[in-house]
$ cat model04.csv   # CSV, C-alpha atoms
chain,number,residue,atom,x,y,z
K,1,GLY,CA,-27.3,-17.9,18.8
K,2,THR,CA,-27.0,-21.6,18.5
K,3,ALA,CA,-23.9,-23.4,17.2
K,4,GLY,CA,-24.2,-25.0,13.8
K,5,VAL,CA,-22.1,-28.0,12.7
K,6,THR,CA,-20.8,-29.4,9.4
K,7,GLY,CA,-21.4,-33.0,8.4
K,8,THR,CA,-18.8,-35.3,9.7
K,9,TRP,CA,-15.5,-36.4,8.0
K,10,SER,CA,-13.6,-39.6,8.6
K,11,ALA,CA,-10.2,-39.5,10.3
K,12,GLY,CA,-7.4,-38.8,7.8
K,13,PRO,CA,-7.1,-35.1,6.9
K,14,GLN,CA,-4.4,-33.2,8.8
K,15,GLY,CA,-6.3,-30.0,8.7
K,16,VAL,CA,-9.3,-28.0,7.6
K,17,VAL,CA,-9.6,-24.5,6.2
K,18,VAL,CA,-12.6,-22.6,7.6
K,19,TRP,CA,-14.0,-19.3,6.5
K,20,SER,CA,-17.3,-17.5,6.8
K,21,ASP,CA,-19.1,-14.5,5.3
K,22,GLN,CA,-19.7,-13.2,8.9
K,23,ALA,CA,-17.5,-13.2,12.0
K,24,CYS,CA,-17.9,-16.3,14.1
K,25,PHE,CA,-16.2,-18.6,16.7
K,26,VAL,CA,-15.0,-22.0,15.5
K,27,LEU,CA,-14.1,-25.3,17.1
K,28,VAL,CA,-12.8,-28.4,15.3
K,29,GLY,CA,-12.8,-32.0,16.6
K,30,GLU,CA,-14.7,-35.1,17.5
K,31,GLY,CA,-18.3,-34.3,18.7
K,32,VAL,CA,-17.5,-30.6,19.4
K,33,THR,CA,-19.8,-27.7,19.8
K,34,ALA,CA,-18.5,-24.1,19.4
K,35,THR,CA,-19.1,-21.4,22.1
K,36,THR,CA,-18.0,-17.8,22.4
K,37,SER,CA,-14.8,-19.1,24.0
K,38,SER,CA,-13.8,-20.9,20.8
K,39,THR,CA,-11.4,-19.5,18.2
K,40,PRO,CA,-12.7,-16.2,16.7
K,41,VAL,CA,-12.7,-16.1,12.9
K,42,PRO,CA,-13.2,-12.7,11.1
K,43,ALA,CA,-15.5,-12.5,8.2
K,44,ASN,CA,-14.1,-13.5,4.7
K,45,THR,CA,-10.8,-14.7,6.1
K,46,PRO,CA,-9.8,-18.3,5.5
K,47,ILE,CA,-8.1,-19.8,8.6
K,48,PRO,CA,-6.4,-23.2,8.7
K,49,PHE,CA,-7.1,-25.4,11.7
K,50,LYS,CA,-5.2,-28.6,12.6
K,51,VAL,CA,-7.6,-31.6,13.0
K,52,PRO,CA,-6.9,-32.8,16.6
K,53,GLN,CA,-5.5,-36.3,16.9
K,54,GLY,CA,-8.4,-38.2,18.5
K,55,THR,CA,-9.8,-41.7,18.6
K,56,GLY,CA,-10.1,-42.0,14.9
K,57,ALA,CA,-13.8,-41.2,15.1
K,58,LEU,CA,-15.7,-38.9,12.8
K,59,TRP,CA,-14.8,-35.2,13.3
K,60,ARG,CA,-16.6,-32.0,12.4
K,61,VAL,CA,-16.4,-28.2,12.4
K,62,SER,CA,-18.7,-26.3,14.7
K,63,ALA,CA,-19.3,-22.5,14.5
K,64,ILE,CA,-21.4,-19.9,16.3
K,65,GLN,CA,-22.1,-16.4,15.1
K,66,VAL,CA,-20.6,-13.3,16.7
K,67,SER,CA,-23.6,-11.1,15.9
K,68,THR,CA,-25.1,-11.8,12.5
K,69,GLY,CA,-26.0,-15.1,10.9
K,70,GLY,CA,-24.1,-16.2,7.9
K,71,THR,CA,-22.6,-19.1,6.0
K,72,VAL,CA,-19.5,-21.1,7.2
K,73,TYR,CA,-17.4,-23.0,4.7
K,74,ALA,CA,-15.0,-25.8,5.5
K,75,LYS,CA,-12.5,-27.7,3.3
K,76,PRO,CA,-10.4,-30.6,4.7
K,77,ILE,CA,-6.7,-30.5,3.6
K,78,ASN,CA,-3.5,-32.4,3.9
K,79,ILE,CA,-0.3,-30.6,4.4
K,80,GLN,CA,2.4,-31.8,2.0
$ encode --input "model04.csv" --output "structure tokens"
Amino acid sequence: GTAGVTGTWSAGPQGVVVWSDQACFVLVGEGVTATTSSTPVPANTPIPFKVPQGTGALWRVSAIQVSTGGTVYAKPINIQ
């Protein structure tokens, strides 16, 4: 399959919670594109990711399906 990406977010959030209705591979960062070497995320399992410290540019979440297309959800978070 082809990796899909979220819209971009401005620098600021410390992390992002990602989940999907199908198993997928996820990568978080500036200008990233997920591959099958990215972090595996099982279906219906919210996983927190740290937003990597970068240049302060816009960042995004990229995901690629394991075998079946689905929907990926992402919510930026700050850890208190």
$ closest_atom_pairs --input "model04.csv" --of "region 49-68 of chain K" --to "region 8-11 of chain K" --cutoff "7 Å" --atoms "all atoms listed in the file" --output "CSV"
residue,atom,partner,partner_atom,distance
K:Gly56,CA,K:Ala11,CA,5.2
K:Ala57,CA,K:Ala11,CA,6.2
K:Leu58,CA,K:Ser10,CA,4.7
K:Trp59,CA,K:Thr8,CA,5.4
K:Arg60,CA,K:Thr8,CA,4.8
$ residues_around --input "model04.csv" --residues "Lys75 (chain K)" --least-positions-apart "2" --cutoff "7 Å" --atoms "only C-alpha atoms" --output "ChimeraX atom specification"
/K:16-18,73,77
$ residues_around --input "model04.csv" --residues "Ala34 (chain K)" --least-positions-apart "3" --cutoff "10 Å" --atoms "all atoms listed in the file" --output "number ranges by chain"
K: 2-5, 24-28, 37-39, 61-65
$ atom_distance --input "model04.csv" --atom1 "CA of Ala74 (chain K)" --atom2 "CA of Pro40 (chain K)"
14.9 Å
$ closest_residue --input "model04.csv" --among "K:Ala43, K:Pro13, K:Gly31, K:Thr36" --to "Thr71 (chain K)" --atoms "all atoms listed in the file"
K:Ala43
$ residues_around --input "model04.csv" --residues "Lys50 (chain K)" --least-positions-apart "2" --cutoff "8 Å" --atoms "only C-alpha atoms" --output "PyMOL selection string"
chain K and resi 14-16+48+52
$ atom_distance --input "model04.csv" --atom1 "CA of Val72 (chain K)" --atom2 "CA of Asp21 (chain K)"
6.9 Å
$ closest_residue --input "model04.csv" --among "K:Thr33, K:Asn78, K:Thr6, K:Gln22" --to "Pro46 (chain K)" --atoms "all atoms listed in the file"
K:Gln22
$ atom_distance --input "model04.csv" --atom1 "CA of Thr45 (chain K)" --atom2 "CA of Ala23 (chain K)"
9.1 Å
$ decode --input "model04.csv" --residues "chain K" --atoms "C-alpha atoms" --output "CSV table (one decimal), in the first residue's frame"
chain,number,residue,atom,x,y,z
K,1,GLY,CA,0.0,0.0,0.0
K,2,THR,CA,0.9,3.7,0.0
K,3,ALA,CA,1.5,5.6,3.2
K,4,GLY,CA,-1.1,8.1,4.2
K,5,VAL,CA,-0.4,11.2,6.3
K,6,THR,CA,-2.4,13.5,8.6
K,7,GLY,CA,-2.6,17.2,8.1
K,8,THR,CA,0.3,19.0,9.9
K,9,TRP,CA,0.5,20.4,13.4
K,10,SER,CA,2.6,23.3,14.6
K,11,ALA,CA,5.4,22.6,17.1
K,12,GLY,CA,4.3,22.5,20.7
K,13,PRO,CA,2.6,19.3,21.6
K,14,GLN,CA,4.8,16.8,23.5
K,15,GLY,CA,3.2,13.8,22.1
K,16,VAL,CA,0.4,12.3,20.0
K,17,VAL,CA,-1.9,9.3,20.6
K,18,VAL,CA,-2.4,7.2,17.5
K,19,TRP,CA,-4.9,4.4,16.9
K,20,SER,CA,-6.4,2.7,13.9
K,21,ASP,CA,-9.2,0.3,13.2
K,22,GLN,CA,-6.7,-1.9,11.3
K,23,ALA,CA,-3.1,-2.9,12.0
K,24,CYS,CA,-0.6,-0.4,10.6
K,25,PHE,CA,2.9,0.9,10.8
K,26,VAL,CA,3.3,4.5,12.1
K,27,LEU,CA,6.0,7.2,12.0
K,28,VAL,CA,5.8,10.7,13.7
K,29,GLY,CA,7.9,13.7,12.8
K,30,GLU,CA,8.7,16.5,10.4
K,31,GLY,CA,8.1,15.5,6.7
K,32,VAL,CA,8.0,11.7,7.5
K,33,THR,CA,6.6,8.9,5.5
K,34,ALA,CA,5.8,5.5,7.2
K,35,THR,CA,7.2,2.2,5.8
K,36,THR,CA,6.9,-1.4,6.9
K,37,SER,CA,10.0,-0.7,9.1
K,38,SER,CA,8.1,1.9,11.1
K,39,THR,CA,6.5,1.2,14.5
K,40,PRO,CA,3.8,-1.5,14.3
K,41,VAL,CA,0.4,-0.5,15.8
K,42,PRO,CA,-2.2,-3.2,16.4
K,43,ALA,CA,-5.8,-2.5,15.5
K,44,ASN,CA,-7.9,-0.7,18.0
K,45,THR,CA,-5.0,0.0,20.4
K,46,PRO,CA,-4.2,3.6,21.2
K,47,ILE,CA,-0.4,4.1,21.3
K,48,PRO,CA,1.3,7.3,22.6
K,49,PHE,CA,4.2,8.6,20.5
K,50,LYS,CA,6.6,11.3,21.6
K,51,VAL,CA,6.8,14.1,19.1
K,52,PRO,CA,10.5,14.3,18.1
K,53,GLN,CA,12.3,17.5,18.9
K,54,GLY,CA,13.0,19.0,15.5
K,55,THR,CA,13.5,22.3,13.9
K,56,GLY,CA,10.1,23.7,15.0
K,57,ALA,CA,8.6,23.0,11.6
K,58,LEU,CA,5.2,21.5,11.1
K,59,TRP,CA,5.0,17.8,12.0
K,60,ARG,CA,2.6,15.0,11.1
K,61,VAL,CA,1.7,11.3,11.6
K,62,SER,CA,2.2,8.9,8.7
K,63,ALA,CA,0.8,5.4,8.6
K,64,ILE,CA,0.8,2.5,6.2
K,65,GLN,CA,-1.5,-0.6,6.3
K,66,VAL,CA,-0.3,-4.0,7.3
K,67,SER,CA,-2.8,-5.9,5.1
K,68,THR,CA,-6.2,-4.2,5.1
K,69,GLY,CA,-7.1,-0.5,4.5
K,70,GLY,CA,-8.6,1.3,7.5
K,71,THR,CA,-8.8,4.6,9.3
K,72,VAL,CA,-6.1,6.1,11.4
K,73,TYR,CA,-6.8,8.6,14.2
K,74,ALA,CA,-4.3,10.9,15.9
K,75,LYS,CA,-4.7,13.3,18.8
K,76,PRO,CA,-1.9,15.7,19.9
K,77,ILE,CA,-1.3,15.7,23.7
K,78,ASN,CA,0.8,17.4,26.3
K,79,ILE,CA,2.1,15.4,29.2
K,80,GLN,CA,1.4,17.1,32.5
